[in-house]
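*Asks:* So here's data07.cif (mmCIF, C-alpha atoms and all ligand atoms).
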data_data
loop_
_atom_site.label_atom_id
_atom_site.label_comp_id
_atom_site.auth_asym_id
_atom_site.auth_seq_id
_atom_site.Cartn_x
_atom_site.Cartn_y
_atom_site.Cartn_z
CA MET A 1 4.76 -4.70 -0.57
CA PHE A 2 1.64 -6.61 -1.50
CA GLY A 3 0.87 -9.91 -3.15
CA LYS A 4 -2.47 -10.62 -4.71
CA ARG A 5 -5.10 -8.07 -3.79
CA ILE A 6 -8.80 -8.89 -3.68
CA PRO A 7 -11.24 -5.96 -3.94
CA LEU A 8 -13.97 -6.09 -1.27
CA PHE A 9 -16.15 -3.02 -1.75
CA LYS A 10 -16.12 0.73 -2.36
CA LEU A 11 -16.63 3.22 0.44
CA PHE A 12 -17.30 6.85 -0.60
CA GLY A 13 -15.11 6.36 -3.67
CA PHE A 14 -12.28 4.54 -1.87
CA SER A 15 -11.79 0.90 -2.78
CA VAL A 16 -11.29 -1.44 0.15
CA ASN A 17 -9.12 -4.47 -0.67
CA VAL A 18 -7.64 -7.41 1.17
CA ASP A 19 -4.20 -8.76 0.46
CA VAL A 20 -4.05 -12.58 0.51
CA SER A 21 -1.70 -12.37 3.53
CA TRP A 22 -4.62 -10.90 5.48
CA PHE A 23 -6.30 -14.33 5.68
CA ILE A 24 -3.41 -15.54 7.85
CA LEU A 25 -4.01 -12.62 10.22
CA ALA A 26 -7.78 -13.23 10.25
CA ALA A 27 -7.33 -16.92 11.10
CA LEU A 28 -4.72 -16.13 13.77
CA ILE A 29 -6.94 -13.53 15.43
CA ILE A 30 -10.06 -15.70 15.43
CA TRP A 31 -8.03 -18.55 16.88
CA THR A 32 -6.33 -16.45 19.59
CA LEU A 33 -9.61 -14.79 20.59
CA SER A 34 -11.76 -17.92 20.77
CA ASP A 35 -9.11 -20.31 22.08
CA SER A 36 -7.42 -18.23 24.76
CA PHE A 37 -8.42 -14.56 25.06
CA PHE A 38 -12.19 -14.84 25.64
CA PRO A 39 -12.02 -18.12 27.66
CA SER A 40 -9.51 -16.57 30.08
CA TYR A 41 -11.52 -13.37 30.69
CA PHE A 42 -15.05 -14.77 30.47
CA GLU A 43 -15.46 -18.21 32.03
CA GLY A 44 -18.19 -20.77 31.59
CA PHE A 45 -19.35 -20.33 27.97
CA SER A 46 -19.65 -23.16 25.45
CA LYS A 47 -16.97 -23.75 22.81
CA VAL A 48 -19.40 -22.61 20.11
CA ALA A 49 -20.06 -19.38 21.99
CA TYR A 50 -16.31 -18.67 22.20
CA LEU A 51 -15.95 -19.34 18.48
CA TRP A 52 -18.74 -16.88 17.67
CA MET A 53 -17.21 -14.32 20.01
CA GLY A 54 -13.89 -14.84 18.22
CA ILE A 55 -15.43 -14.38 14.77
CA THR A 56 -17.48 -11.28 15.68
CA GLY A 57 -14.52 -9.85 17.61
CA ALA A 58 -12.25 -10.28 14.57
CA LEU A 59 -14.86 -8.79 12.20
CA GLY A 60 -15.31 -5.87 14.59
CA LEU A 61 -11.55 -5.36 14.71
CA PHE A 62 -11.28 -5.29 10.90
CA ALA A 63 -14.23 -2.88 10.66
CA SER A 64 -12.41 -0.69 13.21
CA ILE A 65 -9.21 -0.76 11.14
CA ILE A 66 -11.11 0.12 7.95
CA PHE A 67 -12.78 3.01 9.81
CA HIS A 68 -9.36 4.24 11.00
CA GLU A 69 -7.84 4.09 7.49
CA PHE A 70 -10.98 5.60 5.99
CA CYS A 71 -10.60 8.67 8.22
CA HIS A 72 -6.97 9.06 7.06
CA SER A 73 -8.19 8.80 3.46
CA LEU A 74 -10.95 11.39 3.90
CA VAL A 75 -8.51 13.99 5.22
CA ALA A 76 -5.99 13.08 2.50
CA ARG A 77 -8.62 13.61 -0.19
CA ARG A 78 -9.55 16.92 1.41
CA TYR A 79 -5.93 17.97 0.75
CA GLY A 80 -6.00 16.75 -2.83
CA LEU A 81 -3.75 13.70 -2.39
CA PRO A 82 -4.47 10.86 -4.82
CA MET A 83 -5.28 7.70 -2.84
CA LYS A 84 -4.78 4.14 -4.03
CA GLY A 85 -7.39 2.79 -1.62
CA ILE A 86 -7.44 0.95 1.68
CA THR A 87 -5.79 -2.45 1.93
CA LEU A 88 -5.98 -4.93 4.78
CA PHE A 89 -2.87 -7.07 5.01
CA ILE A 90 -1.02 -9.31 7.44
CA PHE A 91 0.00 -6.47 9.81
CA GLY A 92 -3.32 -4.63 9.84
CA GLY A 93 -4.45 -1.97 7.41
CA VAL A 94 -2.99 0.79 5.30
CA ALA A 95 -4.42 3.75 3.38
CA GLU A 96 -2.06 3.93 0.42
CA MET A 97 -1.11 7.35 -0.90
CA ALA A 98 0.21 7.79 -4.43
CA ASP A 99 2.04 10.95 -3.38
CA GLU A 100 3.50 12.80 -0.38
CA PRO A 101 1.52 15.49 1.47
CA GLU A 102 2.20 19.05 0.33
CA SER A 103 2.59 20.83 3.66
CA PRO A 104 3.34 20.03 7.32
CA LYS A 105 -0.24 20.98 8.16
CA ALA A 106 -1.71 18.50 5.64
CA GLU A 107 0.59 15.76 6.91
CA PHE A 108 -0.22 16.48 10.56
CA LEU A 109 -4.00 16.49 10.07
CA MET A 110 -3.91 13.41 7.85
CA ALA A 111 -1.81 11.45 10.34
CA ILE A 112 -3.70 12.48 13.46
CA ALA A 113 -7.11 11.70 11.87
CA GLY A 114 -6.56 7.95 12.30
CA PRO A 115 -5.81 7.80 16.04
CA ILE A 116 -8.51 10.41 16.77
CA SER A 117 -11.09 8.32 14.92
CA SER A 118 -10.00 5.23 16.87
CA VAL A 119 -10.33 7.07 20.20
CA VAL A 120 -13.81 8.32 19.23
CA LEU A 121 -14.86 4.81 18.16
CA ALA A 122 -13.39 3.27 21.35
CA THR A 123 -15.26 5.77 23.51
CA GLY A 124 -18.51 5.06 21.66
CA LEU A 125 -18.04 1.31 22.17
CA LEU A 126 -17.17 1.82 25.84
CA PHE A 127 -20.41 3.76 26.23
CA LEU A 128 -22.32 0.94 24.48
CA HIS A 129 -20.65 -1.57 26.80
CA VAL A 130 -21.81 0.38 29.87
CA VAL A 131 -25.34 0.60 28.43
CA GLY A 132 -25.20 -3.16 27.76
CA LYS A 133 -24.25 -3.82 31.39
CA ARG A 134 -27.22 -1.80 32.67
CA ALA A 135 -29.61 -3.36 30.14
CA VAL A 136 -28.37 -6.87 31.00
CA TRP A 137 -27.39 -7.82 27.44
CA SER A 138 -26.19 -11.37 26.96
CA GLU A 139 -22.72 -12.02 28.37
CA PRO A 140 -20.97 -12.91 25.06
CA VAL A 141 -22.20 -9.64 23.48
CA LYS A 142 -20.82 -7.67 26.40
CA GLY A 143 -17.57 -9.63 26.15
CA VAL A 144 -17.11 -8.73 22.49
CA LEU A 145 -17.96 -5.07 23.17
CA TRP A 146 -15.42 -5.00 25.99
CA TYR A 147 -12.76 -6.41 23.68
CA LEU A 148 -13.60 -3.94 20.90
CA TRP A 149 -13.43 -0.74 22.94
CA PHE A 150 -10.24 -1.93 24.54
CA ILE A 151 -8.59 -2.88 21.20
CA ASN A 152 -9.54 0.49 19.64
CA TYR A 153 -7.81 2.39 22.45
CA LEU A 154 -4.83 0.09 21.97
CA LEU A 155 -4.89 0.72 18.20
CA ALA A 156 -4.86 4.48 18.78
CA GLY A 157 -2.08 4.17 21.35
CA PHE A 158 0.16 1.92 19.24
CA ASN A 159 -0.29 4.08 16.16
CA LEU A 160 0.64 7.20 18.12
CA LEU A 161 4.13 5.87 18.92
CA PRO A 162 6.61 8.27 17.30
CA ALA A 163 7.98 5.61 14.96
CA PHE A 164 7.74 6.54 11.28
CA PRO A 165 5.79 5.41 9.22
CA LEU A 166 3.28 4.84 12.07
CA ASP A 167 0.85 7.74 12.54
CA GLY A 168 2.76 9.10 15.54
CA GLY A 169 5.95 9.11 13.46
CA ARG A 170 4.16 11.09 10.76
CA VAL A 171 2.90 13.55 13.36
CA LEU A 172 6.46 13.94 14.61
CA ARG A 173 7.75 14.39 11.06
CA SER A 174 5.17 17.09 10.32
CA ILE A 175 6.19 18.99 13.47
CA LEU A 176 9.92 18.73 12.64
CA TRP A 177 9.13 19.73 9.07
CA ALA A 178 7.20 22.80 10.26
CA VAL A 179 9.98 23.78 12.68
CA ARG A 180 12.90 23.68 10.23
CA GLY A 181 11.11 23.73 6.90
CA ASP A 182 13.27 20.81 5.74
CA LEU A 183 11.27 17.72 4.78
CA ARG A 184 14.36 15.63 4.13
CA TRP A 185 15.85 16.26 7.55
CA ALA A 186 12.46 15.68 9.23
CA THR A 187 12.00 12.38 7.39
CA LYS A 188 15.51 11.29 8.27
CA ILE A 189 15.01 11.83 12.01
CA ALA A 190 11.51 10.31 12.02
CA SER A 191 12.58 7.24 10.07
CA GLN A 192 15.64 6.71 12.28
CA LEU A 193 13.29 6.65 15.28
CA GLY A 194 11.02 4.24 13.35
CA SER A 195 13.94 2.00 12.60
CA GLY A 196 15.06 2.04 16.25
CA PHE A 197 11.58 1.20 17.44
CA GLY A 198 11.44 -1.67 14.93
CA LEU A 199 14.68 -3.03 16.37
CA PHE A 200 13.26 -2.72 19.89
CA LEU A 201 10.23 -4.81 18.86
CA ILE A 202 12.48 -7.45 17.28
CA ILE A 203 14.53 -7.75 20.48
CA MET A 204 11.36 -7.90 22.63
CA GLY A 205 9.97 -10.59 20.31
CA ILE A 206 13.11 -12.70 20.59
CA LEU A 207 13.13 -12.28 24.39
CA CYS A 208 9.48 -13.37 24.50
CA VAL A 209 10.31 -16.58 22.63
CA VAL A 210 13.54 -17.31 24.57
CA MET A 211 12.04 -16.64 28.02
CA GLY A 212 8.97 -18.73 27.18
CA TYR A 213 6.35 -15.94 27.37
CA GLY A 214 4.66 -17.16 24.22
CA PHE A 215 6.02 -18.31 20.90
CA VAL A 216 3.35 -16.96 18.54
CA GLY A 217 3.23 -13.56 20.26
CA GLY A 218 7.02 -13.29 20.23
CA VAL A 219 7.40 -14.19 16.56
CA TRP A 220 4.58 -11.77 15.79
CA LEU A 221 6.30 -8.88 17.60
CA ALA A 222 9.57 -9.58 15.81
CA LEU A 223 7.80 -9.67 12.42
CA ILE A 224 6.03 -6.36 13.08
CA GLY A 225 9.39 -4.90 14.12
CA MET A 226 10.98 -6.06 10.86
CA PHE A 227 8.08 -4.62 8.90
CA ILE A 228 8.37 -1.21 10.58
CA ARG A 229 12.16 -1.12 10.07
CA ASN A 230 11.77 -1.96 6.42
CA ALA A 231 8.90 0.49 5.87
CA SER A 232 10.73 3.41 7.53
CA ALA A 233 13.88 2.82 5.45
CA MET A 234 11.79 2.54 2.26
CA SER A 235 9.88 5.76 2.97
CA TYR A 236 13.12 7.67 3.43
CA LYS A 237 14.60 6.27 0.21
CA GLN A 238 11.42 7.10 -1.69
CA LEU A 239 11.51 10.66 -0.44
CA LEU A 240 15.18 11.02 -1.43
CA ALA A 241 14.29 9.71 -4.88
CA ARG A 242 11.45 12.18 -5.28
CA ARG A 243 13.60 15.07 -4.13
CA THR A 244 16.46 14.11 -6.42
CA LEU A 245 14.29 13.70 -9.50
CA ASP A 246 12.21 16.79 -8.79
CA GLY A 247 12.32 19.16 -11.76
CA ASP A 248 13.79 16.64 -14.22
CA GLU A 249 11.70 16.04 -17.31
CA ILE A 250 11.52 12.47 -18.53
CA ASP A 251 13.02 13.20 -21.94
CA ARG A 252 16.35 13.33 -20.08
CA PHE A 253 16.43 9.60 -19.60
CA MET A 254 14.04 8.16 -22.13
CA LYS A 255 15.34 5.79 -24.80
CA THR A 256 14.61 6.74 -28.38
CA ASP A 257 15.47 3.44 -30.07
CA VAL A 258 12.15 1.77 -29.29
CA VAL A 259 11.18 -1.63 -30.64
CA THR A 260 7.85 -1.10 -32.39
CA VAL A 261 5.44 -3.54 -33.97
CA SER A 262 4.04 -3.09 -37.46
CA PRO A 263 0.23 -3.47 -37.71
CA SER A 264 0.59 -5.81 -40.70
CA ILE A 265 2.31 -8.74 -38.94
CA SER A 266 0.29 -11.69 -37.65
CA ILE A 267 -0.26 -12.59 -33.99
CA GLU A 268 1.90 -15.70 -34.53
CA GLU A 269 4.83 -13.51 -35.64
CA LEU A 270 4.32 -11.09 -32.76
CA VAL A 271 4.41 -13.89 -30.19
CA SER A 272 7.44 -15.70 -31.59
CA ASP A 273 9.51 -12.70 -32.76
CA TYR A 274 8.67 -10.16 -30.07
CA PHE A 275 7.14 -11.55 -26.87
CA TYR A 276 9.25 -14.73 -26.69
CA ARG A 277 12.42 -13.01 -27.81
CA LEU A 278 12.36 -9.68 -25.98
CA HIS A 279 10.38 -10.53 -22.82
CA LEU A 280 8.55 -7.19 -22.61
CA GLY A 281 4.96 -6.86 -21.45
CA THR A 282 3.58 -4.31 -23.90
CA PHE A 283 4.67 -3.19 -27.38
CA PRO A 284 3.77 0.00 -29.19
CA VAL A 285 2.15 -0.58 -32.58
CA CYS A 286 3.34 2.04 -35.05
CA ASP A 287 2.93 3.07 -38.65
CA GLY A 288 6.19 4.94 -39.21
CA ASP A 289 6.46 6.98 -36.03
CA LEU A 290 2.69 7.41 -35.75
CA LEU A 291 1.47 5.53 -32.68
CA LEU A 292 -1.59 3.39 -33.51
CA GLY A 293 -1.95 1.70 -30.15
CA CYS A 294 -0.51 -0.80 -27.70
CA ILE A 295 -0.50 -4.57 -27.76
CA SER A 296 -0.17 -6.79 -24.68
CA PRO A 297 -0.46 -10.55 -24.02
CA GLU A 298 -3.92 -9.93 -22.48
CA GLN A 299 -5.31 -8.86 -25.87
CA ILE A 300 -3.76 -11.86 -27.60
CA LYS A 301 -5.15 -14.33 -25.09
CA GLN A 302 -8.65 -13.41 -26.25
CA VAL A 303 -7.95 -14.76 -29.76
CA PRO A 304 -8.14 -18.60 -30.17
CA ARG A 305 -4.72 -20.17 -30.87
CA GLU A 306 -5.73 -21.57 -34.28
CA GLN A 307 -6.48 -18.06 -35.61
CA TRP A 308 -3.07 -16.60 -34.73
CA ASP A 309 -1.79 -17.04 -38.27
CA ASP A 310 -4.71 -15.29 -39.92
CA ILE A 311 -5.30 -12.27 -37.70
CA THR A 312 -2.96 -9.27 -37.89
CA ILE A 313 -2.01 -6.95 -35.07
CA GLY A 314 -3.83 -4.11 -36.85
CA ASP A 315 -7.08 -6.06 -36.38
CA ILE A 316 -6.89 -6.29 -32.60
CA VAL A 317 -4.73 -3.35 -31.47
CA LYS A 318 -6.29 -1.09 -28.85
CA PRO A 319 -5.49 2.61 -28.26
CA CYS A 320 -2.82 3.23 -25.60
CA SER A 321 -4.12 4.66 -22.33
CA ALA A 322 -3.06 7.34 -19.88
CA GLU A 323 -1.78 4.43 -17.76
CA ASN A 324 1.04 3.58 -20.19
CA THR A 325 1.74 6.81 -22.09
CA ILE A 326 3.16 10.20 -21.07
CA SER A 327 4.27 13.34 -22.86
CA PRO A 328 8.01 14.23 -23.08
CA ASP A 329 7.68 17.26 -20.80
CA THR A 330 6.24 15.20 -17.93
CA ASP A 331 8.06 15.60 -14.64
CA ALA A 332 10.07 12.53 -13.61
CA VAL A 333 8.37 12.38 -10.21
CA LYS A 334 4.99 12.27 -11.96
CA ALA A 335 6.23 9.43 -14.17
CA LEU A 336 7.38 7.51 -11.09
CA SER A 337 4.03 7.98 -9.43
CA ILE A 338 2.21 6.73 -12.58
CA MET A 339 4.44 3.63 -12.56
CA ASN A 340 3.82 3.19 -8.85
CA ARG A 341 0.04 3.55 -9.20
CA THR A 342 -0.46 1.38 -12.28
CA GLY A 343 2.30 -1.19 -11.85
CA ASN A 344 3.53 -0.44 -15.43
CA SER A 345 7.31 -0.20 -15.38
CA ARG A 346 7.52 0.95 -19.04
CA LEU A 347 5.79 4.07 -20.34
CA MET A 348 5.61 5.19 -23.99
CA VAL A 349 6.59 8.80 -24.51
CA VAL A 350 4.14 10.31 -26.98
CA ASP A 351 4.22 13.77 -28.55
CA ALA A 352 1.18 14.80 -30.60
CA GLY A 353 0.29 11.22 -31.53
CA ARG A 354 3.89 10.29 -32.44
CA LEU A 355 5.99 7.86 -30.45
CA VAL A 356 9.24 9.59 -29.51
CA GLY A 357 10.66 7.18 -26.96
CA VAL A 358 10.14 4.89 -24.04
CA VAL A 359 11.00 5.38 -20.38
CA THR A 360 11.53 2.46 -18.05
CA LEU A 361 11.71 2.22 -14.30
CA LYS A 362 15.12 0.58 -14.62
CA ASP A 363 16.58 3.52 -16.57
CA MET A 364 15.06 6.00 -14.16
CA LEU A 365 16.56 4.18 -11.20
CA LYS A 366 19.98 4.12 -12.89
CA PHE A 367 19.78 7.85 -13.54
CA LEU A 368 18.60 8.40 -9.97
CA ASP A 369 21.46 6.37 -8.55
CA LEU A 370 23.98 8.37 -10.54
CA LYS A 371 22.43 11.70 -9.65
CA MET A 372 22.23 10.85 -5.96
CA ASN A 373 25.88 9.81 -5.95
CA LEU A 374 26.88 13.09 -7.53
CA GLU A 375 24.57 15.52 -5.78
CA VAL A 376 23.26 14.26 -2.44
CA LYS A 377 25.65 14.57 0.43
ZN ZN B 401 -3.27 5.23 11.08
#
Show me, as structure tokens, the structure contained in the file I just sent.
*Replies:*
Amino acid sequence: MFGKRIPLFKLFGFSVNVDVSWFILAALIIWTLSDSFFPSYFEGFSKVAYLWMGITGALGLFASIIFHEFCHSLVARRYGLPMKGITLFIFGGVAEMADEPESPKAEFLMAIAGPISSVVLATGLLFLHVVGKRAVWSEPVKGVLWYLWFINYLLAGFNLLPAFPLDGGRVLRSILWAVRGDLRWATKIASQLGSGFGLFLIIMGILCVVMGYGFVGGVWLALIGMFIRNASAMSYKQLLARRTLDGDEIDRFMKTDVVTVSPSISIEELVSDYFYRLHLGTFPVCDGDLLLGCISPEQIKQVPREQWDDITIGDIVKPCSAENTISPDTDAVKALSIMNRTGNSRLMVVDAGRLVGVVTLKDMLKFLDLKMNLEVK
């Protein structure tokens, strides 16, 4: 879903990142706020004042979104869910989970934590705004406060719509899940509602553009609608995949004829005979079937080009990590979640220090496709 991610800071152990697409959103919001929103509600300020109101308003909005996602993350961690961190992107923010919640209760509390935090924040800001009015704070400050309490209520309200994967859709799913005890059915209903709501937004967006109610706003609505439709369909597919693979150990679909690299060859040979020929990111370095380590282009880049002939792979190989190795009895769902978390689509299967095979995302998906065709009605 994301392009290049830039880490901003860490908050109680959660990393907060921005996706490059977020800068488009930031610019659009600052522009809309300072060019039309604030000037139409608060007349008579200078252009510079409006610009500052726009910038502080946008910063306040992003802080509010981070706060909202942070509260989701706190509850998720309380229920032992591994979190990938908080990412701001073109449609707002997301607290990325590496796994699904274990029970309807965990899902419900995790989902509701976001909107509740936004309502609490909005009410606090509303209170501050009232205090500011009494204390005769400067008009632009009051203007920004007014915008921020209002937008936080709006954020809570929008997120509570029962359209999966929005928070309200997750709340709905948790209730359906609790009622029937069937997560698949609950996800199906919730994601169908999400998909329908996405379509509604797309139609509203197109109407906005056609009827002349605003081009940017209309396109924006339609894009959000497309995003929600896509996200709800993806979440359902992911769940089906997890369910289908549940209980399968990865040795069922690992390949045992792995291309390995001998520690005695030179970097030059590795690059020309392996990297350029086989187009794989990482190779296992083995002595017989004993796994010595892993070699990737990143390690080679650190050696100057003119030394490639003289240095052997054995000289620079690094031990493989938990990010690219698994044991043969690992559950397939766990393997998928490692791939998802680390971005590695190939994992070495290692048993007591010996390389026994390799499992790739492509093979897992093929197996999954076959199994779903045969078993899921
Ligand atoms: Zn939320």
*Asks:* Do a neighbour search on segment 152-154 of chain A at 6 Å with only C-alpha atoms, toss out local chain neighbours closer than 4 positions, and write the hits as a PDB file with C-alpha atoms, in the coordinates of the input.
*Replies:*
ATOM      1  CA  SER A 118     -10.000   5.230  16.870  1.00  0.00           C
ATOM      2  CA  VAL A 119     -10.330   7.070  20.200  1.00  0.00           C
ATOM      3  CA  ALA A 122     -13.390   3.270  21.350  1.00  0.00           C
ATOM      4  CA  PHE A 158       0.160   1.920  19.240  1.00  0.00           C
TER       5      PHE A 158
END
*Asks:* Find the residues around Leu125 of chain A up to 9 Å (all atoms listed in the file counted), leave out those fewer than 3 positions away in its own chain, and share them as a list in words.
*Replies:*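 Neighbouring residues, sequence-local ones excluded: Val120, Leu121, Ala122, Leu128, His129, Val130, Leu145, Trp146, Leu148, Trp149, Phe150 and Asn152 of chain A.
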*Asks:* Can you check which parts of chain A lie within 8 Å of ligand ZN 401 (chain B)? Per residue, the shortest pair of atoms and distance in Å to one decimal, counting all atoms listed in the file, sorted by chain and number, as CSV.
*Replies:*
residue,atom,partner,partner_atom,distance
A:His68,CA,B:ZN401,ZN,6.2
A:Glu69,CA,B:ZN401,ZN,5.9
A:His72,CA,B:ZN401,ZN,6.7
A:Val94,CA,B:ZN401,ZN,7.3
A:Ala95,CA,B:ZN401,ZN,7.9
A:Ala111,CA,B:ZN401,ZN,6.4
A:Ile112,CA,B:ZN401,ZN,7.6
A:Ala113,CA,B:ZN401,ZN,7.6
A:Gly114,CA,B:ZN401,ZN,4.4
A:Pro115,CA,B:ZN401,ZN,6.1
A:Ala156,CA,B:ZN401,ZN,7.9
A:Asn159,CA,B:ZN401,ZN,6.0
A:Leu166,CA,B:ZN401,ZN,6.6
A:Asp167,CA,B:ZN401,ZN,5.0
*Asks:* For the selection just defined, write its residues with C-alpha atoms to a file, as a JSON list (two decimals), in the coordinates of the input.
*Replies:*
[["chain", "number", "residue", "atom", "x", "y", "z"],
["A", 68, "HIS", "CA", -9.36, 4.24, 11.00],
["A", 69, "GLU", "CA", -7.84, 4.09, 7.49],
["A", 72, "HIS", "CA", -6.97, 9.06, 7.06],
["A", 94, "VAL", "CA", -2.99, 0.79, 5.30],
["A", 95, "ALA", "CA", -4.42, 3.75, 3.38],
["A", 111, "ALA", "CA", -1.81, 11.45, 10.34],
["A", 112, "ILE", "CA", -3.70, 12.48, 13.46],
["A", 113, "ALA", "CA", -7.11, 11.70, 11.87],
["A", 114, "GLY", "CA", -6.56, 7.95, 12.30],
["A", 115, "PRO", "CA", -5.81, 7.80, 16.04],
["A", 156, "ALA", "CA", -4.86, 4.48, 18.78],
["A", 159, "ASN", "CA", -0.29, 4.08, 16.16],
["A", 166, "LEU", "CA", 3.28, 4.84, 12.07],
["A", 167, "ASP", "CA", 0.85, 7.74, 12.54]]
*Asks:* From the set A:Gly85, A:Gly168, A:Gly93, A:Gly57, which residue has the shortest atom-to-atom contact distance to Leu33 of chain A, counting only C-alpha atoms?
*Replies:*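 When distances to Leu33 of chain A are compared using only C-alpha atoms, the smallest one comes from A:Gly57.
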*Asks:* Choose the residue, out of A:Thr260, A:Ser272, A:Asn230, A:Ser46, that has the smallest atom-to-atom separation from Gly198 of chain A; count all atoms listed in the file.
*Replies:*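 For Gly198 of chain A, the nearest of the given residues is A:Asn230.
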*Asks:* Closest to Leu355 of chain A among A:Val258, A:Leu374, A:Leu61, A:Val75, using all atoms listed in the file?
*Replies:*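 Nearest candidate to Leu355 of chain A out of A:Val258, A:Leu374, A:Leu61, A:Val75: A:Val258.
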*Asks:* For Leu11 of chain A, which of A:Ile175, A:Ile86, A:Leu270, A:Val303 is the closest residue, counting all atoms listed in the file?
*Replies:*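 Smallest distance to Leu11 of chain A is found for A:Ile86.
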*Asks:* Suppose you want the space between atom CA of Leu347 of chain A and atom CA of Leu361 of chain A; what is it in Å?
*Replies:*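 Separation of atom CA of Leu347 of chain A and atom CA of Leu361 of chain A: 8.7 Å.
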*Asks:* Pick out the closest residue to Val317 of chain A from this set: A:Leu278, A:Ile265, A:Leu51, A:Met348. Count all atoms listed in the file.
*Replies:* A:Ile265
*Asks:* For each of A:Asp19, A:Asp251, A:Glu298, A:Glu269, take the minimum atom-to-atom distance to Thr330 of chain A, counting all atoms listed in the file, then give the residue where this is smallest.
*Replies:*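 Of the candidates, the smallest distance to Thr330 of chain A is held by A:Asp251.
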*Asks:* What is the atom CA of Leu368 of chain A to atom CA of Arg229 of chain A distance in Å?
*Replies:*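 According to the coordinates, atom CA of Leu368 of chain A and atom CA of Arg229 of chain A are separated by 23.1 Å.
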*Asks:* Hey, can you check how far atom CA of Gly92 of chain A sits from atom CA of Ile66 of chain A?
*Replies:*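 One can read the atom CA of Gly92 of chain A to atom CA of Ile66 of chain A distance as 9.3 Å.
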*Asks:* For Asp248 of chain A, work out the shell of residues within 6 Å, counting only C-alpha atoms and skipping chain neighbours fewer than 3 positions away, then give it as number ranges by chain.
*Replies:* A: 245, 331-332
*Asks:* With a distance cut-off of 10 Å and only C-alpha atoms, select the neighbouring residues of segment 273-277 of chain A, excluding the residue or stretch itself and same-chain residues fewer than 2 positions from it, and output the selection as a ChimeraX atom specification.
*Replies:* /A:259-261,267-271,279-283,296-297
*Asks:* Limited to C-alpha atoms, could you put the picked residues into a file as a compact mmCIF listing (two decimals), in the coordinates of the input?
*Replies:*
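Output below, filename out-v3.txt:
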# COMPACT_ATOMS: atom_id res chain seq x y z
CA VAL A 259 11.18 -1.63 -30.64
CA THR A 260 7.85 -1.10 -32.39
CA VAL A 261 5.44 -3.54 -33.97
CA ILE A 267 -0.26 -12.59 -33.99
CA GLU A 268 1.90 -15.70 -34.53
CA GLU A 269 4.83 -13.51 -35.64
CA LEU A 270 4.32 -11.09 -32.76
CA VAL A 271 4.41 -13.89 -30.19
CA HIS A 279 10.38 -10.53 -22.82
CA LEU A 280 8.55 -7.19 -22.61
CA GLY A 281 4.96 -6.86 -21.45
CA THR A 282 3.58 -4.31 -23.90
CA PHE A 283 4.67 -3.19 -27.38
CA SER A 296 -0.17 -6.79 -24.68
CA PRO A 297 -0.46 -10.55 -24.02
*Asks:* Fewer than 4 positions away in the same chain doesn't count, so skip those; otherwise give me all residues within 8 Å of Asp351 of chain A, counting only C-alpha atoms, as number ranges by chain.
*Replies:* A: 327-328, 355-356
